[in-house]
Structure formats: C-alpha cells, structure tokens
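K.L.:
Please read through the structure below; I'll follow up with questions.
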Number of protein chains: 2
Amino acid sequence: MIMLEIKGKWVIIMGDMLQPGKCITTSQTISTLAMRIGILGAGQLGRMLAQAGEPLGHTFTFYDVAPGEATTGIGKTIVGGFSDLEKLEAFARECDVITYEFENVPCESAQFLATIRPVYPPPSALEISQDRVREKTFVSELGLATPQFEPASTKDELIKACDTVGYPCIIKTRRLGYDGKGQARATDRESLERIWEELGEAPLIVEALVSFSRELSVIGARDTKGTIAVYPLAHNTHVQGILHRTEIPAPSLTPATLESAQSIISTIMEALDYVGVLTVELFDVEGTLCINELAPRVHNSGHASIDSMKASQFENHIRAITSIPLGSVEPLDRAVMYNIVGTLPPLRKVLELPRTKVHLYNKSERAGRKIGHITILDPTPESEAIIIEALAAR
Amino acid sequence: MIMLEIKGKWVIIMGDMLQPGKCITTSQTISTLAMRIGILGAGQLGRMLAQAGEPLGHTFTFYDVAPGEATTGIGKTIVGGFSDLEKLEAFARECDVITYEFENVPCESAQFLATIRPVYPPPSALEISQDRVREKTFVSELGLATPQFEPASTKDELIKACDTVGYPCIIKTRRLGYDGKGQARATDRESLERIWEELGEAPLIVEALVSFSRELSVIGARDTKGTIAVYPLAHNTHVQGILHRTEIPAPSLTPATLESAQSIISTIMEALDYVGVLTVELFDVEGTLCINELAPRVHNSGHASIDSMKASQFENHIRAITSIPLGSVEPLDRAVMYNIVGTLPPLRKVLELPRTKVHLYNKSERAGRKIGHITILDPTPESEAIIIEALAAR
C-alpha cells in the first residue's frame with residue numbers, strides 16, 4: 001500500500017497499480033479509503049474485524065485451511081494450506097493489505113506474503129510470539145518483568161530446568177499452545193516423566209509459578225506513524241484455561257500499575273515497530289506487573305470494546321493497518337464480558353437485560369468452543385447474577 | 001412467528017413448520033434466536049438493520065425494485081415489483097418475519113405479505129404515514145398538536161384551502177414526498193397556479209406555516225409485549241430539505257418538553273398497536289411540541305445511536321420485531337451526526353479525529369444522495385469545525 005498526497009487529497013495506490021514504469025494518473029484517485037483487506041484465519045476475530053471494517057467501506061478476504069463458519073457471509077474465504085505458496089500468492093494479489101487473526105500462522109507464510117503486499121502486524125511479532133522461549137527472552141532483554149524460565153528440549157533438560165526453576169512450576173510446549181492447552185503443572189521431579197509424554201515429547205519451556213493476585217491484560221494499538229493508544233486494563237478470569245469473564249476497566253488499580261502497563265506495551269510495540277493491535281497478558285503481583293504472554297492481534301479480553309469504548313479494538317486494528325490515525329480508546333461505560341463456550345445459554349433470558357449485548361459467531365455448538373460473547377454495560381451484581389445463572393442453565 | 005415455552009426453553013417455530021396437523025417435536029427446537037428477516041427496501045436503513053442483527057445470528061433478505069448497492073454483500077436481494085404477488089410470496093416464504101425500511105412501500109403489498117408472515121410495524125402505520133392528510137387527521141384525533149391543515153384535490157380546492165389556512169403556507173403532495181421533495185411555499189394566491197403545476201396536479205395538503213424555533217425528532221421503540229422505550233430527543237438541522245446535522249440529546253430541553261415528547265410518541269404507538277421503531281418529527285414552538293410528520297421506521301436522526309446509545313435504533317427495531325425485550329436507550333455519550341450527501345469528504349481528514357465514527361453505505365456518489373454519515377462522540381466546537389470544514393472541502 002502506498003499513499004500519495006496530490007493537491008491535498010490522499011490517493012491510495014492499490015497493489016495492482018504498482019507495476020514498474022506504470023504511470024499513475026489522478027483519474028485513478030480513489031476518493032474513499034476502501035481497501036481490500038486479507039485476513040489469515042477465518043474465526044470469530046476475523047469476523048469481528050470485518051464487521052468493524054465494513055462501515056469504513058473495506059471488503060474482506062479470508063485465508064484458512066478450511067472454510068470458517070464464523071466468516072460465512074462476511075467475506076470471501078480462500079481455502080488453502082499455509083505452505084501452498086501458489087494459493088497464498090493468489091490470495092495476496094486479491095488484497096491491498098494483509099493481517100492475521102491468530103498467532104499460529106506459520107511465520108514463513110507471513111514473510112512470503114510480505115514480499116507481495118504489506119503484512120501488519122510485522123511478521124517478526126508473529127515469530128516472537130509463536131515461541132514461548134523467544135518471547136520471554138525478547139521481553140527480558142527489553143528489561144521487562146516475566147516469570148523465571150528455562151528452555152528444555154529433552155527429558156534430561158526438562159529435569160534440569162525444573163530443578164533450576166524450582167517446584168511447583170509450569171511446563172508448556174514452546175509452540176502452539178492456546179486456551180490452556182499444551183501445559184502442565186509439575187509438583188515434583190517424579191511427575192516429569194508423565195508430563196514429558198503428555199506434552200508430546202516436544203520442545204518445552206519451564207516457567208516459575210508466579211503467585212499473582214489476579215490476571216490482567218492490556219491492549220494497545222500503534223498506527224503507521226508510530227502513534228500509540230492503550231485501552232484501559234482488563235481483569236480476566238479463566239475457567240479450565242479458557243477466558244470466562246473480563247471486567248474492563250479493571251477495578252482497584254493504582255496510577256502506578258496503570259503507568260506500568262502503558263510503559264510495558266509501548267516498549268514492546270516500539271521495539272517491534274509494530275502496526276496494529278497487540279495484547280499483553282499480565283500477572284498482577286500485588287500491584288507489580290509480570291508479563292505472561294503476548295498476542296500480536298485483537299484479543300478475547302478486548303471484546304467488550306465493541307460496545308463499551310469509543311473505538312473498539314477491531315476498529316483500531318483496521319484503522320492502523322490501513323494507515324488511518326487511531327480512534328479514541330476512552331471507555332463509554334464500564335463493562336463485563338462473558339464468553340459463551342460450548343453451548344448457547346437461553347438467549348431470551350440474557351436479552352431481557354436491557355444493557356446486555358449479545359455477539360454470536362455463527363459457529364455450531366461444540367464442547368470447549370468459543371461460540372459467542374455477552375457484554376453487560378454498566379454492570380451491577382444483580383445483572384451479572386442473571387447472566388451467570390443463564391450461562392449455568394446450559 | 002410463533003414461540004412456545006417448552007420446559008423453560010423458548011422454541012421459535014419457523015413459518016415452514018406451520019403446516020396444519022404437523023407435529024412439532026422438541027428435536028426441532030431452535031436454540032438460537034436466529035431468524036430469517038425480510039426487509040422491504042434495500043437502502044442504507046436496511047444495511048444498518050442487517051449490521052445490527054448479524055451479531056444476534058439473524059440473516060437478511062431484501063426485496064426491492066432494483067438491486068441495492070447499500071445491501072450488496074450484506075444479505076440476499078430479491079428484485080421484483082411491489083405488486084408482483086408471486087415474487088412477494090416467494091420472498092415471504094424465505095422469511096420468518098418481515099419489516100420495511102421506507103414508508104412508500106405500497107400498503108397493499110405489506111397487507112398481502114401479512115397474510116403469509118408477521119409484518120412489523122403493522123401495515124396500518126404504513127397506510128397512515130403514506131398520506132399526509134390521513135396522518136394529520138390521525139394525530140389530531142388523538143388530541144395531539146399538528147399544524148392547521150386542509151386537503152385539496154383540485155386547483156379550486158387549493159385556492160380555497162390556502163385562503164382558509166392563510167398566507168404564507170406550505171403546500172405538499174399528499175403522498176410520496178421525502179427530503180423536501182414534493183413541496184412548495186405559497187406566499188400569495190397568485191403563486192398557486194404555478195405551484196399546482198409544479199407539484200404535478202396531484203392531491204395536496206395545505207399546511208399552516210409554523211414559526212418554530214427548531215426542529216426536533218423523537219424515536220421510540222415498542223416490543224411485542226407493549227413495552228415502550230423512548231430515545232433522547234434529537235435536534236435536527238436541514239439544508240435544502242435534507243437532514244444535515246443532528247445533535248442528540250438535543251440541548252436546552254425542559255423536563256416538560258421531554259415529557260411531552262414521551263407522551264406524544266407513546267400515544268401514537270399505543271393507538272397503532274405498534275411493534276418496532278417509530279419516529280416523530282416535531283417543531284419546537286418555544287417549548288411546545290407540534291407534530292410535523294411520522295416515519296414508521298428507523299430514521300436518519302437516530303443514526304448516532306449506533307455509536308452513542310447502549311442499544312441503537314437498529315438493534316431495538318430488530319429486537320422488537322423478533323419478540324425480544326428492548327435494549328437500553330440510555331446515551332453513552334453526547335453526539336453530533338452529519339450526513340454525507342452527494343460526494344465523499346476527505347475521509348482521512350475526518351478520521352484524524354479520534355472520536356469520529358464514519359459509516360459509509362457502499363453507494364456511489366451522486367448529487368443529493370445520502371451516501372454515509374459521520375458521528376462525533378462527545379463533540380466540541382473545535383471537532384465540529386474540523387468536520388464542517390472537511391464536508392465543505394468537497
């Protein structure tokens with residue numbers, strides 16, 4: 001994507017116009033900002049990105065290994081493998097800019113696409129966040145706090161790493177973990193044999209157990225000019241490794257904690273020359289923040305922003321990757337979000353609350369699957385109790 | 001649409017299940033609230049209704065005399081005449097519930113559709129609002145204030161009517177007027193010959209000129225149980241008969257004016273046994289409200305509600321016609337909306353304001369055509385000045 005300012009009007013040059021020697025005339029001026037946005041992945045995050053981009057005139061093409069239910073009717077989906085360079089190239093040629101909605105896109109695929117079209121966030125962010133050892137090394141080198149960690153690629157290394165970190169500790173696969181999958185807790189040396197097998201004898205990371213008082217996350221956006229906007233911190237509660245409840249803004253925060261979160265995410269985004277939305281999952285250790293993990297994308301803990309912030313995380317990701325200044329991250333209202341996991345609750349009951357917003361992802365019900373979310377604006381203990389009851393009624 | 005409560009779960013019975021003698025088993029239970037919603041008209045109001053209904057799982061089919069740009073990619077459009085009963089029936093059979101997005105749908109078409117599927121708002125609302133004489137008679141009979149009016153079907157009747165109402169007065173066609181079209185101002189008897197010809201020698205209404213201080217509108221929603229929710233009043237400014245700017249909530253309102261608006265819209269909705277969103281355009285005559293016209297639909301003056309209210313007018317229309325209780329009409333923020341008419345302003349400039357929301361309708365540029373709108377959240381004189389300048393730069 002190239003933009004020129006001609007006589008005070010911005011002209012966006014589409015990829016196909018970028019042929020060497022081709023003359024760009026003002027008759028090719030595109031007066032809207034409309035772009036053809038490509039998204040790697042066809043899940044609910046892609047769905048909500050497209051819903052945010054539609055009012056701005058953008059159109060969306062998704063690329064995934066299978067047609068996604070969540071994006072059916074929202075845009076076109078190209079089905080192909082992430083190592084199918086021919087298909088990836090055809091996909092790229094249909095887009096002006098490319099982004100991704102999950103961090104397990106092979107880094108090589110993103111790097112290949114970046115030779116054809118701009119890819120935001122930068123593939124380097126993908127590379128770092130895909131590997132827990134690289135990720136923790138990267139943040140440590142930036143001087144940011146993260147739990148003590150040791151890599152381990154063999155059973156012997158695992159024993160040594162756990163002895164160094166101390167028991168109890170958390171053992172995770174270096175790659176491809178999400179929603180609590182691919183991790184185990186080791187209480188002693190005897191449990192390591194079983195864990196080594198359970199985790200598939202794959203490269204691992206051993207992390208010290210942090211005794212945190214709660215889990216927080218901070219979502220920030222950075223545009224192509226380097227301007228950063230940071231959303232209020234979110235307080236997250238997980239059930240069986242899956243995000244269950246997010247409260248945003250998180251209650252009982254000190255100015256020092258807020259400032260620390262701002263500083264952490266800004267440092268990371270600047271180090272990566274980041275463009276788009278980034279999420280940092282944090283442990284709150286009595287007011288001191290410790291980085292748990294990075295997600296180079298819009299995040300489940302930011303879903304309430306659709307209804308409770310002036311500009312949602314999805315809108316700001318779209319703004320950033322299309323070279324538009326960021327929208328306001330100020331909250332319109334306090335909000336609590338609950339994920340709908342597995343099966344739908346009685347939605348009629350849920351919607352009887354006038355301040356409740358329901359977002360379904362057009363995905364069929366399946367155990368452990370995120371199929372929608374509920375946001376309560378300006379929540380009270382009473383309104384939350386009704387939602388909790390509805391979710392329990394399933 | 002029929003809903004049954006079976007073992008505490010709501011079951012929505014789709015139209016096709018309603019065959020006489022057909023047994024409904026619980027295996028046909030539809031656990032989502034998803035409905036197939038039919039919309040007569042394929043303009044931007046239909047587009048924004050569909051955008052509001054999508055997160056709730058609904059799908060949309062539009063019916064119009066030509067494929068609408070605004071609804072391309074948003075749902076399916078059936079192209080057909082409004083008197084083509086065969087096509088209308090085929091459309092109805094694809095829907096669970098039907099609504100309309102413009103008030104000039106022939107009433108007979110809506111009535112015909114209502115014999116096949118539920119049509120909301122009731123076709124009677126359409127009948128009344130299509131004919132300015134019936135509309136003004138209806139509100140007068142409810143004891144509500146409206147400008148003095150006289151019908152006129154011939155040139156002689158026009159002269160007589162104008163003499164009765166007095167000069168200057170406003171002459172409008174009884175039917176099919178919108179955005180200031182089909183109306184003229186008569187200053188004396190001599191101008192009537194020309195006006196009679198200009199307005200196509202059609203049945204007319206003569207209205208007294210009301211010396212109002214400003215134009216307001218009130219938008220309300222009523223659900224299938226009869227519950228009513230009324231949005232804050234909007235202050236509207238027109239340019240060349242087309243809505244230019246809306247401020248919501250309208251500033252400087254007395255509690256008496258607010259109460260009067262609430263009472264006016266509630267009286268009308270109850271009299272019509274209304275379901276859905278209704279708009280009443282009002283003249284503010286030094287705090288006393290006088291009804292200008294009714295729109296039995298979502299309305300341009302309510303577009304800011306997408307970004308500035310807990311539940312938008314579009315969401316509440318969808319909630320109402322799908323028998324869901326109404327969402328909260330509380331404002332999240334003060335807002336000002338500007339229509340984008342004819343040509344696009346420099347959108348990059350507009351989006352440089354972080355509290356600005358842009359909604360484009362996917363319509364091509366054409367003089368006098370509404371192609372999008374801009375909402376400024378929490379506006380200041382400075383931010384409005386930037387938007388006004390951007391709109392003037394076209």
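By convention here, the chains of the structure tokens are called A, B, ... in the order presented, each chain's residues are numbered starting at 1, and ligands are numbered starting at 1 in the order presented.
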For chain A, report every residue with an atom at most 6 Å from chain B (counting only C-alpha atoms), formatted as a ChimeraX atom specification.
P.N.:
/A:55-57,325,327-328,332,352,354-355,359-360
K.L.:
Could you turn the residues from that selection into a file that holds all heavy atoms, as a JSON list (two decimals), in the first residue's frame?
P.N.:
[["chain", "number", "residue", "atom", "x", "y", "z"],
["A", 55, "PRO", "N", -18.31, -0.63, 7.85],
["A", 55, "PRO", "CA", -18.79, 0.75, 7.75],
["A", 55, "PRO", "C", -17.77, 1.72, 7.14],
["A", 55, "PRO", "O", -18.14, 2.77, 6.65],
["A", 55, "PRO", "CB", -19.09, 1.14, 9.21],
["A", 55, "PRO", "CG", -19.29, -0.15, 9.91],
["A", 55, "PRO", "CD", -18.35, -1.11, 9.24],
["A", 56, "LEU", "N", -16.50, 1.35, 7.16],
["A", 56, "LEU", "CA", -15.47, 2.20, 6.57],
["A", 56, "LEU", "C", -15.28, 1.90, 5.08],
["A", 56, "LEU", "O", -14.45, 2.50, 4.42],
["A", 56, "LEU", "CB", -14.14, 2.03, 7.32],
["A", 56, "LEU", "CG", -14.16, 2.53, 8.77],
["A", 56, "LEU", "CD1", -12.94, 2.03, 9.54],
["A", 56, "LEU", "CD2", -14.22, 4.05, 8.82],
["A", 57, "GLY", "N", -16.05, 0.94, 4.57],
["A", 57, "GLY", "CA", -16.05, 0.67, 3.14],
["A", 57, "GLY", "C", -15.11, -0.46, 2.72],
["A", 57, "GLY", "O", -14.99, -0.75, 1.53],
["A", 325, "PRO", "N", -5.27, 7.32, 11.30],
["A", 325, "PRO", "CA", -4.96, 7.55, 12.72],
["A", 325, "PRO", "C", -5.91, 6.76, 13.62],
["A", 325, "PRO", "O", -7.03, 6.46, 13.23],
["A", 325, "PRO", "CB", -5.16, 9.05, 12.88],
["A", 325, "PRO", "CG", -5.09, 9.63, 11.51],
["A", 325, "PRO", "CD", -5.59, 8.57, 10.59],
["A", 327, "GLY", "N", -8.52, 5.57, 16.55],
["A", 327, "GLY", "CA", -9.71, 6.10, 17.21],
["A", 327, "GLY", "C", -9.52, 6.13, 18.72],
["A", 327, "GLY", "O", -8.59, 5.52, 19.25],
["A", 328, "SER", "N", -10.43, 6.83, 19.39],
["A", 328, "SER", "CA", -10.32, 7.00, 20.83],
["A", 328, "SER", "C", -10.51, 5.70, 21.59],
["A", 328, "SER", "O", -11.45, 4.94, 21.32],
["A", 328, "SER", "CB", -11.37, 8.01, 21.30],
["A", 328, "SER", "OG", -11.51, 7.94, 22.69],
["A", 332, "LEU", "N", -16.74, 4.29, 27.14],
["A", 332, "LEU", "CA", -18.05, 4.92, 27.19],
["A", 332, "LEU", "C", -18.77, 4.48, 28.46],
["A", 332, "LEU", "O", -19.64, 5.16, 28.97],
["A", 332, "LEU", "CB", -18.88, 4.47, 25.99],
["A", 332, "LEU", "CG", -18.43, 4.98, 24.61],
["A", 332, "LEU", "CD1", -18.95, 4.08, 23.51],
["A", 332, "LEU", "CD2", -18.92, 6.40, 24.40],
["A", 352, "GLU", "N", -33.19, -10.18, 28.07],
["A", 352, "GLU", "CA", -34.18, -9.46, 28.88],
["A", 352, "GLU", "C", -33.53, -8.31, 29.65],
["A", 352, "GLU", "O", -34.20, -7.38, 30.06],
["A", 352, "GLU", "CB", -34.90, -10.42, 29.84],
["A", 352, "GLU", "CG", -36.16, -10.99, 29.21],
["A", 352, "GLU", "CD", -36.73, -12.15, 29.98],
["A", 352, "GLU", "OE1", -36.42, -12.30, 31.17],
["A", 352, "GLU", "OE2", -37.49, -12.93, 29.35],
["A", 354, "PRO", "N", -31.76, -5.03, 29.58],
["A", 354, "PRO", "CA", -31.64, -4.04, 28.51],
["A", 354, "PRO", "C", -30.21, -3.56, 28.22],
["A", 354, "PRO", "O", -29.96, -3.03, 27.14],
["A", 354, "PRO", "CB", -32.50, -2.87, 29.00],
["A", 354, "PRO", "CG", -32.67, -3.08, 30.46],
["A", 354, "PRO", "CD", -32.55, -4.55, 30.71],
["A", 355, "ARG", "N", -29.30, -3.76, 29.16],
["A", 355, "ARG", "CA", -27.92, -3.30, 28.93],
["A", 355, "ARG", "C", -27.00, -4.43, 28.50],
["A", 355, "ARG", "O", -25.78, -4.35, 28.64],
["A", 355, "ARG", "CB", -27.38, -2.64, 30.20],
["A", 355, "ARG", "CG", -28.09, -1.35, 30.51],
["A", 355, "ARG", "CD", -27.69, -0.82, 31.86],
["A", 355, "ARG", "NE", -28.41, 0.38, 32.18],
["A", 355, "ARG", "CZ", -28.40, 0.95, 33.37],
["A", 355, "ARG", "NH1", -27.70, 0.41, 34.35],
["A", 355, "ARG", "NH2", -29.09, 2.04, 33.60],
["A", 359, "HIS", "N", -23.20, -11.16, 21.11],
["A", 359, "HIS", "CA", -22.47, -11.32, 19.84],
["A", 359, "HIS", "C", -22.26, -12.81, 19.59],
["A", 359, "HIS", "O", -21.49, -13.46, 20.29],
["A", 359, "HIS", "CB", -21.11, -10.61, 19.91],
["A", 359, "HIS", "CG", -21.23, -9.13, 20.04],
["A", 359, "HIS", "ND1", -21.19, -8.28, 18.97],
["A", 359, "HIS", "CD2", -21.44, -8.34, 21.13],
["A", 359, "HIS", "CE1", -21.35, -7.02, 19.38],
["A", 359, "HIS", "NE2", -21.50, -7.04, 20.69],
["A", 360, "LEU", "N", -22.95, -13.32, 18.59],
["A", 360, "LEU", "CA", -22.79, -14.73, 18.23],
["A", 360, "LEU", "C", -21.87, -14.82, 17.02],
["A", 360, "LEU", "O", -21.83, -13.92, 16.19],
["A", 360, "LEU", "CB", -24.15, -15.35, 17.92],
["A", 360, "LEU", "CG", -25.19, -15.24, 19.05],
["A", 360, "LEU", "CD1", -26.51, -15.86, 18.62],
["A", 360, "LEU", "CD2", -24.69, -15.91, 20.32]]
K.L.:
Determine which residues of range 250-360 of chain B receive a DSSP assignment of strand (DSSP E), computed from the backbone, and state them as a ChimeraX atom specification.
P.N.:
/B:276-285,288-295,335-341,356-360
K.L.:
Can you check which residues of range 124-360 of chain A DSSP gives as helix (DSSP H, G or I) on the backbone and send them as a VMD selection string?
P.N.:
chain A and resid 124 to 130 132 to 141 155 to 165 189 to 198 255 to 271 300 to 302 305 to 308 313 to 321 347 to 351
K.L.:
Taking into account only C-alpha atoms, which residue in the set A:Gly220, A:Ser140, A:Cys290, A:Leu199 is nearest to Gly182 in chain A?
P.N.:
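Among A:Gly220, A:Ser140, A:Cys290, A:Leu199, it is A:Leu199 that comes nearest to Gly182 in chain A.
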K.L.:
Which polymer residues have any atom within 12 Å of an atom of Ser217 in chain B, counting only C-alpha atoms, with same-chain residues fewer than 4 positions away left out, as a ChimeraX atom specification?
P.N.:
/B:230-237,243,246-250,257-258,261-262,264-265,278-284,289-295,298-302
K.L.:
Near range 209-212 of chain B, within 9 Å and counting only C-alpha atoms, which residues show up once chain neighbours fewer than 5 positions away are dropped, as a list of chain:residue names?
P.N.:
B:Pro147, B:Gln148, B:Val165, B:Gly166, B:Tyr167, B:Pro168, B:Cys169, B:Ile170, B:Arg185, B:Phe283, B:Asp284, B:Val285, B:Glu286, B:Cys290
K.L.:
Residues as selected, N, CA, C and O atoms, written as a tab-separated table (two decimals), in the first residue's frame, can you do that?
P.N.:
chain	number	residue	atom	x	y	z
B	147	PRO	N	-49.72	21.20	12.79
B	147	PRO	CA	-50.10	22.48	12.16
B	147	PRO	C	-51.50	22.37	11.55
B	147	PRO	O	-51.91	21.29	11.11
B	148	GLN	N	-52.20	23.50	11.51
B	148	GLN	CA	-53.50	23.54	10.84
B	148	GLN	C	-53.32	23.04	9.41
B	148	GLN	O	-52.32	23.35	8.76
B	165	VAL	N	-56.26	28.52	5.38
B	165	VAL	CA	-55.08	28.39	6.25
B	165	VAL	C	-54.36	29.74	6.40
B	165	VAL	O	-53.86	30.07	7.47
B	166	GLY	N	-54.37	30.52	5.31
B	166	GLY	CA	-53.71	31.83	5.36
B	166	GLY	C	-52.32	31.78	4.76
B	166	GLY	O	-51.68	30.73	4.71
B	167	TYR	N	-51.82	32.91	4.32
B	167	TYR	CA	-50.50	33.01	3.67
B	167	TYR	C	-49.49	33.63	4.63
B	167	TYR	O	-49.87	34.47	5.44
B	168	PRO	N	-48.20	33.28	4.53
B	168	PRO	CA	-47.68	32.19	3.71
B	168	PRO	C	-48.06	30.81	4.28
B	168	PRO	O	-48.27	30.69	5.50
B	169	CYS	N	-48.14	29.83	3.42
B	169	CYS	CA	-48.43	28.46	3.85
B	169	CYS	C	-47.57	27.47	3.05
B	169	CYS	O	-46.92	27.84	2.08
B	170	ILE	N	-47.58	26.22	3.51
B	170	ILE	CA	-46.77	25.17	2.86
B	170	ILE	C	-47.73	24.23	2.13
B	170	ILE	O	-48.72	23.78	2.71
B	185	ARG	N	-43.74	26.56	-1.09
B	185	ARG	CA	-44.24	27.56	-0.14
B	185	ARG	C	-45.03	28.60	-0.93
B	185	ARG	O	-44.53	29.15	-1.91
B	283	PHE	N	-41.91	20.11	15.62
B	283	PHE	CA	-41.48	21.50	15.66
B	283	PHE	C	-41.46	21.92	17.12
B	283	PHE	O	-42.42	21.64	17.86
B	284	ASP	N	-40.40	22.59	17.52
B	284	ASP	CA	-40.32	23.12	18.88
B	284	ASP	C	-40.76	24.59	18.81
B	284	ASP	O	-40.05	25.45	18.28
B	285	VAL	N	-41.99	24.84	19.28
B	285	VAL	CA	-42.51	26.20	19.25
B	285	VAL	C	-42.42	26.76	20.68
B	285	VAL	O	-43.33	26.62	21.48
B	286	GLU	N	-41.25	27.29	20.97
B	286	GLU	CA	-40.94	27.81	22.30
B	286	GLU	C	-41.31	26.82	23.40
B	286	GLU	O	-42.04	27.17	24.35
B	290	CYS	N	-45.12	20.43	18.32
B	290	CYS	CA	-46.13	20.32	17.29
B	290	CYS	C	-45.65	19.27	16.30
B	290	CYS	O	-44.50	19.31	15.85
K.L.:
In Å to one decimal, how far is CA of Arg222 in chain B from CA of Ile321 in chain B?
P.N.:
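For CA of Ile321 in chain B relative to CA of Arg222 in chain B, the distance reads 9.1 Å.
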K.L.:
With distances taken over only C-alpha atoms, which residue among A:Ala221, A:Ile205, A:Ala304, A:Ile386 lies nearest Ser153 in chain A?
P.N.:
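For Ser153 in chain A, the nearest of the given residues is A:Ile205.
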K.L.:
Using CA of Thr187 in chain B and CA of Arg132 in chain B as the two end points, give the distance in Å to one decimal.
P.N.:
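About the pair CA of Thr187 in chain B and CA of Arg132 in chain B: they are 21.0 Å apart.
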K.L.:
One decimal, in Å: what's the spacing between CA of Ser129 in chain B and CA of Leu216 in chain B?
P.N.:
18.0 Å
